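Presented below is the structure to which this report refers.
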Amino acid sequence: MDNHAHITILSKNNNVGLARLSVATFASELDFTLNEIEEIKVAISEAVTNCIIHAYPFEEGLISIGLKIVENKLIIVIEDNGVGIEDIDAVLQPAYSTKDDHMGLGLAFIDSFMDEFTIDSNRDSGTVLTMAKVPEKHKNKKINNVIN
Amino acid sequence: MDNHAHITILSKNNNVGLARLSVATFASELDFTLNEIEEIKVAISEAVTNCIIHAYPFEEGLISIGLKIVENKLIIVIEDNGVGIEDIDAVLQPAYSTKDDHMGLGLAFIDSFMDEFTIDSNRDSGTVLTMAKVPEKHKNKKINNVIN
Amino acid sequence: MNIRTESRGDVLIARVSGELDISTVPYFKKKILDKTESTGINNLVLNLEGVSFIDSSGLGAILGRYRYLKKKDGKVLLVSLKPQVRKIFTMAGMLKIMDSYKNEDEAMNGFNEGRIA
Amino acid sequence: MNIRTESRGDVLIARVSGELDISTVPYFKKKILDKTESTGINNLVLNLEGVSFIDSSGLGAILGRYRYLKKKDGKVLLVSLKPQVRKIFTMAGMLKIMDSYKNEDEAMNGFNEGRIA
Ligand SMILES: Nc1ncnc2c1ncn2[C@@H]1O[C@H](COP(=O)(O)OP(=O)(O)O)[C@@H](O)[C@H]1O
Ligand SMILES: Nc1ncnc2c1ncn2[C@@H]1O[C@H](COP(=O)(O)OP(=O)(O)O)[C@@H](O)[C@H]1O
């Protein structure tokens with residue numbers, strides 16, 4: 001059942017849909033509900049949009065999306081070689097944005113919708129977002145096992 | 001408008017849908033009709049299925065899908081590191097298959113549905129399929145230009 | 001991929017929906033085989049109205065059912081092929097060996113006419 | 001992304017369908033701006049029934065229209081939010097500043113009640 005895939009796209013607005021759809025299709029191998037798939041789509045959309053807007057503000061760059069299924073866990077690694085993040089703690093605050101007309105909710109959405117979420121970033125060498133999600137169904141199973 | 005993307009998947013039955021959907025989404029940036037998108041989906045399905053069945057008959061391997069839009073042309077390169085093809089002329093014949101229960105129509109479908117199609121293969125180093133398609137709309141334009 | 005079946009006399013109707021490719025062919029084969037064996041019915045009406053995608057693996061699976069049932073003097077009739085699905089069947093020459101009908105009723109009539117003749 | 005608009009008195013109704021993300025936000029902004037400017041209407045009913053996806057870029061674009069029209073004493077009302085769309089609006093706290101209605105008629109009533117009060 002374990003699977004993995006890798007997608008590289010250019011940081012173009014049009015490619016956000018491609019990223020979202022590919023990841024949703026890959027994720028559908030697991031027992032996610034439609035609602036959970038929607039949450040994954042929002043997380044991908046936010047992460048890829050951040051690469052387009054923030055990581056590569058001046059010219060197009062590459063966005064790498066690594067996908068993995070290990071047992072019942074979907075693991076997604078989104079990587080850019082863009083400008084990087086100076087203060088990771090700051091950007092993780094909801095409503096914090098380094099751009100005036102942005103809501104600063106992207107990373108907060110990712111954090112709410114995914115079970116695990118970490119950021120690694122270095123000024124000028126880029127940013128790596130790692131996120132993971134397990135279908136609710138399987139989480140319940142685990143809890144039931146503990147209870148019984 | 002030019003764009004490119006790259007997808008790597010494992011040679012698992014389940015991943016054919018992912019390949020098809022990703023390519024269809026990427027292709028939809030061009031002016032393809034729904035019917036043409038369906039044709040592209042069949043071509044991808046055949047090429048990726050061949051990698052799964054023929055290129056890696058014994059164990060899973062990687063399938064690489066390169067996507068490019070250059071002006072109005074969609075270019076797709078599908079590559080495996082599998083067993084390779086011994087006699088390319090032979091396999092290009094419709095109804096030719098090296099497997100008993102297969103129809104031998106995959107490559108014929110690709111050839112009908114795409115405008116350009118070439119195979120490069122070496123025994124034991126794998127196979128590269130390159131195909132390209134231009135939306136009918138734009139082909140007509142070219143012809144009109146010549147006529148006028 | 002979803003397959004619902006119904007038997008009407010000596011005809012099994014299978015209503016297939018979803019994508020028929022290498023990932024769903026094993027389920028398709030097993031489901032049709034199980035149903036024809038458990039009912040002993042050798043005539044099959046394949047309603048493909050809900051099939052949104054088919055490639056040569058899907059065609060191969062249908063051809064396989066056709067050959068299997070033909071050996072038992074059964075027939076396979078096709079129903080409700082969408083234009084893009086019909087195109088694939090036509091290109092493969094499969095409409096030369098299997099009849100195709102607009103709807104299930106016409107296909108059932110197709111069986112009965114065959115019998116009177 | 002598809003946006004159809006209709007004016008009813010001093011209210012512009014915009015029926016949006018498709019995915020509202022960074023790739024469609026420029027079209028959304030331009031379409032709403034053009035229509036409100038050309039009609040001089042500052043009240044907007046956004047019918048999002050056909051919106052199958054929205055992320056924070058989409059929310060940002062709607063918030064932008066809200067701020068722009070508010071400066072002109074206009075209002076933005078939301079109509080027909082699907083559950084997953086409503087969740088995103090709620091999480092962003094946007095339903096605290098914009099009212100949401102089941103359908104267009106109720107939203108139009110919402111405007112009228114506001115006026116009587
Ligand atoms: N891939 C990235 N590269 C560089 N900076 C980023 C990246 N992703 C996020 N950031 C920074 O984190 C901030 C917060 O991001 P987010 O919560 O998504 O809100 P927004 O995108 O609306 O600003 C951004 O304003 C930006 O400064
Ligand atoms: N990627 C590949 N690697 C190795 N052999 C291949 C590959 N693709 C096609 N072939 C060979 O070409 C033949 C014809 O392929 P095709 O026309 O798709 O029909 P089928 O898959 O039904 O056999 C196959 O039977 C196989 O021998």
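In the structure tokens, chains take the letters A, B, ... in the order shown, each chain's residues start at 1, and ligands count up from 1 in the order shown.
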
Per residue of chain D within 12 Å of ligand 1, note the shortest atom pair and the distance in Å to one decimal, counting only C-alpha atoms and all ligand atoms, and order the rows by chain and increasing residue number, as a tab-separated table.
residue	atom	partner	partner_atom_place_in_ligand_line	distance
D:Ile22	CA	ligand 1	21 (O)	10.9
D:Asp55	CA	ligand 1	22 (O)	10.3
D:Ser56	CA	ligand 1	22 (O)	7.0
D:Ser57	CA	ligand 1	22 (O)	7.4
D:Gly58	CA	ligand 1	22 (O)	10.8
D:Leu59	CA	ligand 1	22 (O)	10.1
D:Gly60	CA	ligand 1	22 (O)	8.2
D:Ala61	CA	ligand 1	22 (O)	11.3
D:Ala92	CA	ligand 1	22 (O)	11.5

Those residues with N, CA and C atoms, as a short mmCIF file (atom, residue, chain, number, x, y, z; two decimals), in the first residue's frame please?
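Below you can see again_25.cif, which holds the result:
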data_model
loop_
_atom_site.label_atom_id
_atom_site.label_comp_id
_atom_site.auth_asym_id
_atom_site.auth_seq_id
_atom_site.Cartn_x
_atom_site.Cartn_y
_atom_site.Cartn_z
N ILE D 22 -5.29 31.95 -6.27
CA ILE D 22 -4.41 32.96 -6.84
C ILE D 22 -4.51 33.07 -8.37
N ASP D 55 -9.36 29.49 -1.02
CA ASP D 55 -8.27 29.49 -0.03
C ASP D 55 -8.06 30.92 0.44
N SER D 56 -6.97 31.19 1.15
CA SER D 56 -6.83 32.52 1.74
C SER D 56 -6.63 33.61 0.68
N SER D 57 -6.14 33.24 -0.51
CA SER D 57 -6.05 34.24 -1.59
C SER D 57 -7.45 34.67 -2.02
N GLY D 58 -8.35 33.71 -2.10
CA GLY D 58 -9.73 34.01 -2.47
C GLY D 58 -10.41 34.87 -1.40
N LEU D 59 -10.21 34.49 -0.13
CA LEU D 59 -10.75 35.28 0.98
C LEU D 59 -10.22 36.71 0.91
N GLY D 60 -8.92 36.85 0.66
CA GLY D 60 -8.28 38.15 0.60
C GLY D 60 -8.92 39.03 -0.47
N ALA D 61 -9.24 38.41 -1.61
CA ALA D 61 -9.86 39.17 -2.70
C ALA D 61 -11.24 39.66 -2.30
N ALA D 92 -11.43 32.27 9.25
CA ALA D 92 -10.77 33.56 9.02
C ALA D 92 -11.46 34.69 9.77
#

What would you get as a short mmCIF file (atom, residue, chain, number, x, y, z; two decimals) with C-alpha atoms, in the first residue's frame if chain D were moved onto chain C by least squares over all of its C-alpha atoms in order?
data_model
loop_
_atom_site.label_atom_id
_atom_site.label_comp_id
_atom_site.auth_asym_id
_atom_site.auth_seq_id
_atom_site.Cartn_x
_atom_site.Cartn_y
_atom_site.Cartn_z
CA MET D 1 -15.34 1.93 -10.07
CA ASN D 2 -18.75 0.70 -9.06
CA ILE D 3 -20.65 -2.24 -10.56
CA ARG D 4 -24.29 -2.99 -9.77
CA THR D 5 -25.77 -6.16 -11.23
CA GLU D 6 -29.32 -7.41 -11.78
CA SER D 7 -30.47 -10.68 -13.37
CA ARG D 8 -33.46 -10.77 -15.70
CA GLY D 9 -34.17 -14.32 -16.74
CA ASP D 10 -31.05 -15.66 -18.41
CA VAL D 11 -29.48 -12.22 -18.83
CA LEU D 12 -27.19 -10.53 -16.34
CA ILE D 13 -27.23 -6.73 -16.49
CA ALA D 14 -24.09 -5.06 -15.13
CA ARG D 15 -24.16 -1.29 -14.68
CA VAL D 16 -20.59 -0.06 -14.56
CA SER D 17 -19.55 3.40 -13.46
CA GLY D 18 -16.20 5.11 -12.98
CA GLU D 19 -12.92 4.69 -14.82
CA LEU D 20 -12.06 1.39 -16.47
CA ASP D 21 -8.26 1.12 -16.55
CA ILE D 22 -5.52 -1.11 -15.18
CA SER D 23 -6.35 -0.08 -11.61
CA THR D 24 -10.00 -1.14 -11.82
CA VAL D 25 -9.81 -4.04 -14.32
CA PRO D 26 -9.10 -6.67 -11.61
CA TYR D 27 -12.28 -5.66 -9.74
CA PHE D 28 -14.29 -5.60 -12.98
CA LYS D 29 -13.11 -9.08 -14.00
CA LYS D 30 -13.74 -10.58 -10.59
CA LYS D 31 -17.18 -9.03 -10.16
CA ILE D 32 -18.45 -10.20 -13.57
CA LEU D 33 -16.89 -13.64 -13.17
CA ASP D 34 -18.37 -14.11 -9.69
CA LYS D 35 -21.83 -13.03 -10.81
CA THR D 36 -21.95 -15.11 -13.99
CA GLU D 37 -20.62 -18.16 -12.12
CA SER D 38 -22.89 -17.86 -9.10
CA THR D 39 -26.02 -17.31 -11.24
CA GLY D 40 -24.97 -19.63 -14.06
CA ILE D 41 -26.02 -16.89 -16.50
CA ASN D 42 -23.95 -16.61 -19.68
CA ASN D 43 -25.57 -13.59 -21.34
CA LEU D 44 -24.28 -10.20 -20.29
CA VAL D 45 -25.61 -6.69 -20.87
CA LEU D 46 -22.87 -4.21 -20.01
CA ASN D 47 -24.39 -0.81 -19.32
CA LEU D 48 -21.43 1.59 -19.62
CA GLU D 49 -23.43 4.81 -19.21
CA GLY D 50 -21.51 5.68 -16.05
CA VAL D 51 -18.07 4.93 -17.50
CA SER D 52 -16.20 8.21 -17.73
CA PHE D 53 -12.93 6.75 -19.01
CA ILE D 54 -11.75 3.61 -20.77
CA ASP D 55 -8.41 2.64 -22.32
CA SER D 56 -7.08 -0.52 -23.95
CA SER D 57 -6.76 -2.27 -20.57
CA GLY D 58 -10.48 -1.71 -20.04
CA LEU D 59 -11.27 -2.92 -23.57
CA GLY D 60 -9.12 -5.99 -22.97
CA ALA D 61 -11.08 -6.85 -19.83
CA ILE D 62 -14.39 -6.60 -21.71
CA LEU D 63 -13.01 -8.66 -24.59
CA GLY D 64 -11.90 -11.25 -22.03
CA ARG D 65 -15.46 -11.51 -20.61
CA TYR D 66 -16.79 -11.75 -24.19
CA ARG D 67 -14.47 -14.67 -25.05
CA TYR D 68 -15.18 -16.44 -21.79
CA LEU D 69 -18.97 -16.23 -22.18
CA LYS D 70 -18.85 -17.04 -25.90
CA LYS D 71 -17.28 -20.39 -25.06
CA LYS D 72 -20.41 -21.06 -22.99
CA ASP D 73 -22.64 -19.95 -25.89
CA GLY D 74 -23.35 -16.65 -24.15
CA LYS D 75 -23.39 -13.18 -25.62
CA VAL D 76 -22.19 -9.75 -24.49
CA LEU D 77 -24.22 -6.69 -25.49
CA LEU D 78 -23.11 -3.12 -24.86
CA VAL D 79 -25.43 -0.33 -23.72
CA SER D 80 -25.16 3.48 -23.50
CA LEU D 81 -21.66 4.13 -24.80
CA LYS D 82 -20.72 7.79 -24.39
CA PRO D 83 -19.19 9.32 -27.54
CA GLN D 84 -15.59 9.13 -26.28
CA VAL D 85 -16.10 5.56 -25.05
CA ARG D 86 -17.72 4.57 -28.36
CA LYS D 87 -14.75 6.02 -30.24
CA ILE D 88 -12.33 3.76 -28.37
CA PHE D 89 -14.51 0.69 -29.01
CA THR D 90 -14.78 1.59 -32.70
CA MET D 91 -11.05 2.16 -33.13
CA ALA D 92 -10.38 -1.24 -31.58
CA GLY D 93 -12.85 -2.88 -33.98
CA MET D 94 -14.84 -4.22 -31.03
CA LEU D 95 -18.21 -3.07 -32.35
CA LYS D 96 -17.74 -5.56 -35.16
CA ILE D 97 -18.00 -8.43 -32.70
CA MET D 98 -20.28 -6.95 -30.01
CA ASP D 99 -23.60 -5.20 -30.68
CA SER D 100 -24.25 -1.89 -28.99
CA TYR D 101 -27.66 -0.50 -27.96
CA LYS D 102 -29.04 2.83 -26.85
CA ASN D 103 -30.58 1.52 -23.63
CA GLU D 104 -31.15 -1.65 -21.63
CA ASP D 105 -34.65 -2.29 -23.03
CA GLU D 106 -33.37 -2.29 -26.60
CA ALA D 107 -30.57 -4.63 -25.59
CA MET D 108 -33.08 -7.02 -23.97
CA ASN D 109 -35.10 -6.90 -27.20
CA GLY D 110 -31.87 -7.65 -29.04
CA PHE D 111 -31.55 -10.89 -27.07
CA ASN D 112 -35.17 -11.85 -27.70
CA GLU D 113 -34.99 -11.21 -31.44
CA GLY D 114 -31.88 -13.33 -31.60
CA ARG D 115 -33.91 -16.12 -30.00
CA ILE D 116 -36.93 -15.90 -32.38
CA ALA D 117 -34.72 -15.97 -35.45
#

When the cut-off is 8 Å and you count only C-alpha atoms and all ligand atoms, which residues lie near ligand 2, shown as a VMD selection string? (chain B and resid 46 to 56 79 to 80 82 to 86 88 90 to 99 101 to 109 121 126 to 129) or (chain C and resid 56 to 57)

Using DSSP assignments from the backbone, pull out every residue in chain A that falls under strand (DSSP E) and give it to me as a PyMOL selection string. chain A and resi 3-10+62-70+73-80+116-122+126-133

Could you tell me, as JSON, numbers by chain, which residues of chain B DSSP assigns to helix (DSSP H, G or I) when given the backbone? {"B": [15, 16, 17, 18, 19, 20, 21, 22, 23, 24, 25, 26, 27, 34, 35, 36, 37, 38, 39, 40, 41, 42, 43, 44, 45, 46, 47, 48, 49, 50, 51, 52, 53, 54, 55, 88, 89, 90, 91, 106, 107, 108, 109, 110, 111, 112, 113, 136, 137, 138, 139, 140, 141, 142, 143, 144, 145, 146, 147]}

Residues of chain A no more than 6 Å from chain D, counting only C-alpha atoms: send them over as a list of chain:residue names. A:Asn13, A:Asn14, A:Val42

Using only C-alpha atoms, select each residue of chain B with any atom at most 9 Å away from an atom of chain A, and give the selection as a PDB file with N, CA, C and O atoms, in the first residue's frame.
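Okay, out.pdb is ready:
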ATOM      1  N   ASN B   3       5.218  26.830 -20.195  1.00  0.00           N
ATOM      2  CA  ASN B   3       5.169  26.236 -18.859  1.00  0.00           C
ATOM      3  C   ASN B   3       5.833  24.866 -18.925  1.00  0.00           C
ATOM      4  O   ASN B   3       5.929  24.260 -19.990  1.00  0.00           O
ATOM      5  N   HIS B   4       6.332  24.409 -17.789  1.00  0.00           N
ATOM      6  CA  HIS B   4       6.774  23.016 -17.745  1.00  0.00           C
ATOM      7  C   HIS B   4       6.608  22.454 -16.346  1.00  0.00           C
ATOM      8  O   HIS B   4       6.502  23.185 -15.366  1.00  0.00           O
ATOM      9  N   ALA B   5       6.531  21.152 -16.280  1.00  0.00           N
ATOM     10  CA  ALA B   5       6.340  20.475 -15.005  1.00  0.00           C
ATOM     11  C   ALA B   5       6.914  19.078 -15.134  1.00  0.00           C
ATOM     12  O   ALA B   5       7.197  18.603 -16.240  1.00  0.00           O
ATOM     13  N   HIS B   6       7.111  18.450 -14.002  1.00  0.00           N
ATOM     14  CA  HIS B   6       7.683  17.102 -14.023  1.00  0.00           C
ATOM     15  C   HIS B   6       7.063  16.261 -12.911  1.00  0.00           C
ATOM     16  O   HIS B   6       6.923  16.747 -11.791  1.00  0.00           O
ATOM     17  N   ILE B   7       6.695  15.053 -13.261  1.00  0.00           N
ATOM     18  CA  ILE B   7       6.050  14.184 -12.274  1.00  0.00           C
ATOM     19  C   ILE B   7       6.765  12.842 -12.259  1.00  0.00           C
ATOM     20  O   ILE B   7       7.062  12.285 -13.314  1.00  0.00           O
ATOM     21  N   THR B   8       7.067  12.353 -11.075  1.00  0.00           N
ATOM     22  CA  THR B   8       7.647  11.006 -10.966  1.00  0.00           C
ATOM     23  C   THR B   8       6.704  10.157 -10.132  1.00  0.00           C
ATOM     24  O   THR B   8       6.292  10.567  -9.043  1.00  0.00           O
ATOM     25  N   ILE B   9       6.351   8.988 -10.648  1.00  0.00           N
ATOM     26  CA  ILE B   9       5.469   8.103  -9.883  1.00  0.00           C
ATOM     27  C   ILE B   9       6.053   6.696  -9.861  1.00  0.00           C
ATOM     28  O   ILE B   9       6.908   6.339 -10.678  1.00  0.00           O
ATOM     29  N   LEU B  10       5.586   5.908  -8.927  1.00  0.00           N
ATOM     30  CA  LEU B  10       5.947   4.496  -8.883  1.00  0.00           C
ATOM     31  C   LEU B  10       5.067   3.733  -9.867  1.00  0.00           C
ATOM     32  O   LEU B  10       3.917   4.108 -10.096  1.00  0.00           O
ATOM     33  N   LYS B  12       2.784   1.646 -10.078  1.00  0.00           N
ATOM     34  CA  LYS B  12       1.691   0.938  -9.406  1.00  0.00           C
ATOM     35  C   LYS B  12       0.410   1.191 -10.185  1.00  0.00           C
ATOM     36  O   LYS B  12       0.188   2.301 -10.665  1.00  0.00           O
ATOM     37  N   ASN B  14      -2.468   1.861  -9.256  1.00  0.00           N
ATOM     38  CA  ASN B  14      -3.224   2.986  -8.716  1.00  0.00           C
ATOM     39  C   ASN B  14      -2.760   4.336  -9.216  1.00  0.00           C
ATOM     40  O   ASN B  14      -3.491   5.304  -9.141  1.00  0.00           O
ATOM     41  N   ASN B  15      -1.507   4.416  -9.677  1.00  0.00           N
ATOM     42  CA  ASN B  15      -0.960   5.720 -10.044  1.00  0.00           C
ATOM     43  C   ASN B  15      -1.304   6.159 -11.466  1.00  0.00           C
ATOM     44  O   ASN B  15      -1.007   7.285 -11.857  1.00  0.00           O
ATOM     45  N   GLY B  17      -4.229   6.780 -12.653  1.00  0.00           N
ATOM     46  CA  GLY B  17      -5.205   7.874 -12.540  1.00  0.00           C
ATOM     47  C   GLY B  17      -4.536   9.196 -12.197  1.00  0.00           C
ATOM     48  O   GLY B  17      -4.897  10.246 -12.740  1.00  0.00           O
ATOM     49  N   LEU B  18      -3.570   9.145 -11.314  1.00  0.00           N
ATOM     50  CA  LEU B  18      -2.819  10.350 -10.930  1.00  0.00           C
ATOM     51  C   LEU B  18      -2.114  10.945 -12.143  1.00  0.00           C
ATOM     52  O   LEU B  18      -2.188  12.155 -12.397  1.00  0.00           O
ATOM     53  N   ALA B  19      -1.461  10.088 -12.926  1.00  0.00           N
ATOM     54  CA  ALA B  19      -0.748  10.562 -14.119  1.00  0.00           C
ATOM     55  C   ALA B  19      -1.732  11.205 -15.095  1.00  0.00           C
ATOM     56  O   ALA B  19      -1.503  12.309 -15.596  1.00  0.00           O
ATOM     57  N   LEU B  21      -4.748  12.475 -14.610  1.00  0.00           N
ATOM     58  CA  LEU B  21      -5.370  13.710 -14.129  1.00  0.00           C
ATOM     59  C   LEU B  21      -4.381  14.866 -14.128  1.00  0.00           C
ATOM     60  O   LEU B  21      -4.722  15.993 -14.490  1.00  0.00           O
ATOM     61  N   SER B  22      -3.154  14.592 -13.701  1.00  0.00           N
ATOM     62  CA  SER B  22      -2.150  15.653 -13.652  1.00  0.00           C
ATOM     63  C   SER B  22      -1.881  16.178 -15.058  1.00  0.00           C
ATOM     64  O   SER B  22      -1.821  17.382 -15.276  1.00  0.00           O
ATOM     65  N   VAL B  23      -1.709  15.262 -15.999  1.00  0.00           N
ATOM     66  CA  VAL B  23      -1.413  15.693 -17.367  1.00  0.00           C
ATOM     67  C   VAL B  23      -2.612  16.449 -17.949  1.00  0.00           C
ATOM     68  O   VAL B  23      -2.451  17.494 -18.585  1.00  0.00           O
ATOM     69  N   THR B  25      -4.809  18.198 -16.388  1.00  0.00           N
ATOM     70  CA  THR B  25      -4.876  19.524 -15.776  1.00  0.00           C
ATOM     71  C   THR B  25      -3.823  20.441 -16.377  1.00  0.00           C
ATOM     72  O   THR B  25      -4.097  21.591 -16.716  1.00  0.00           O
ATOM     73  N   PHE B  26      -2.612  19.913 -16.533  1.00  0.00           N
ATOM     74  CA  PHE B  26      -1.544  20.706 -17.139  1.00  0.00           C
ATOM     75  C   PHE B  26      -1.937  21.100 -18.568  1.00  0.00           C
ATOM     76  O   PHE B  26      -1.769  22.255 -18.974  1.00  0.00           O
ATOM     77  N   GLU B  29      -4.304  24.171 -19.846  1.00  0.00           N
ATOM     78  CA  GLU B  29      -3.848  25.541 -20.024  1.00  0.00           C
ATOM     79  C   GLU B  29      -3.915  25.952 -21.500  1.00  0.00           C
ATOM     80  O   GLU B  29      -4.042  27.124 -21.824  1.00  0.00           O
ATOM     81  N   LEU B  62      10.465   3.408 -11.234  1.00  0.00           N
ATOM     82  CA  LEU B  62      10.002   4.793 -11.352  1.00  0.00           C
ATOM     83  C   LEU B  62       9.601   5.122 -12.788  1.00  0.00           C
ATOM     84  O   LEU B  62      10.243   4.690 -13.744  1.00  0.00           O
TER      85      LEU B  62
END

Name the closest residue to A:Asp89 among the candidates A:Glu136, A:Glu71, A:Glu38, A:Asp120; distances are taken between atoms, counting only C-alpha atoms.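 Under the stated criterion, the closest residue is A:Asp120.
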
Separation of atom CA of A:Asp2 from atom CA of A:Glu116 in Å: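 Interatomic distance, atom CA of A:Glu116 to atom CA of A:Asp2: 18.8 Å.
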
One number please: atom CA of A:Ile69 to atom CA of A:Thr118, in Å, one decimal. 17.6 Å

Interatomic distance (Å, one decimal) between atom CA of B:Asp31 and atom CA of B:Ala43: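 Going from atom CA of B:Asp31 over to atom CA of B:Ala43, I get 17.9 Å.
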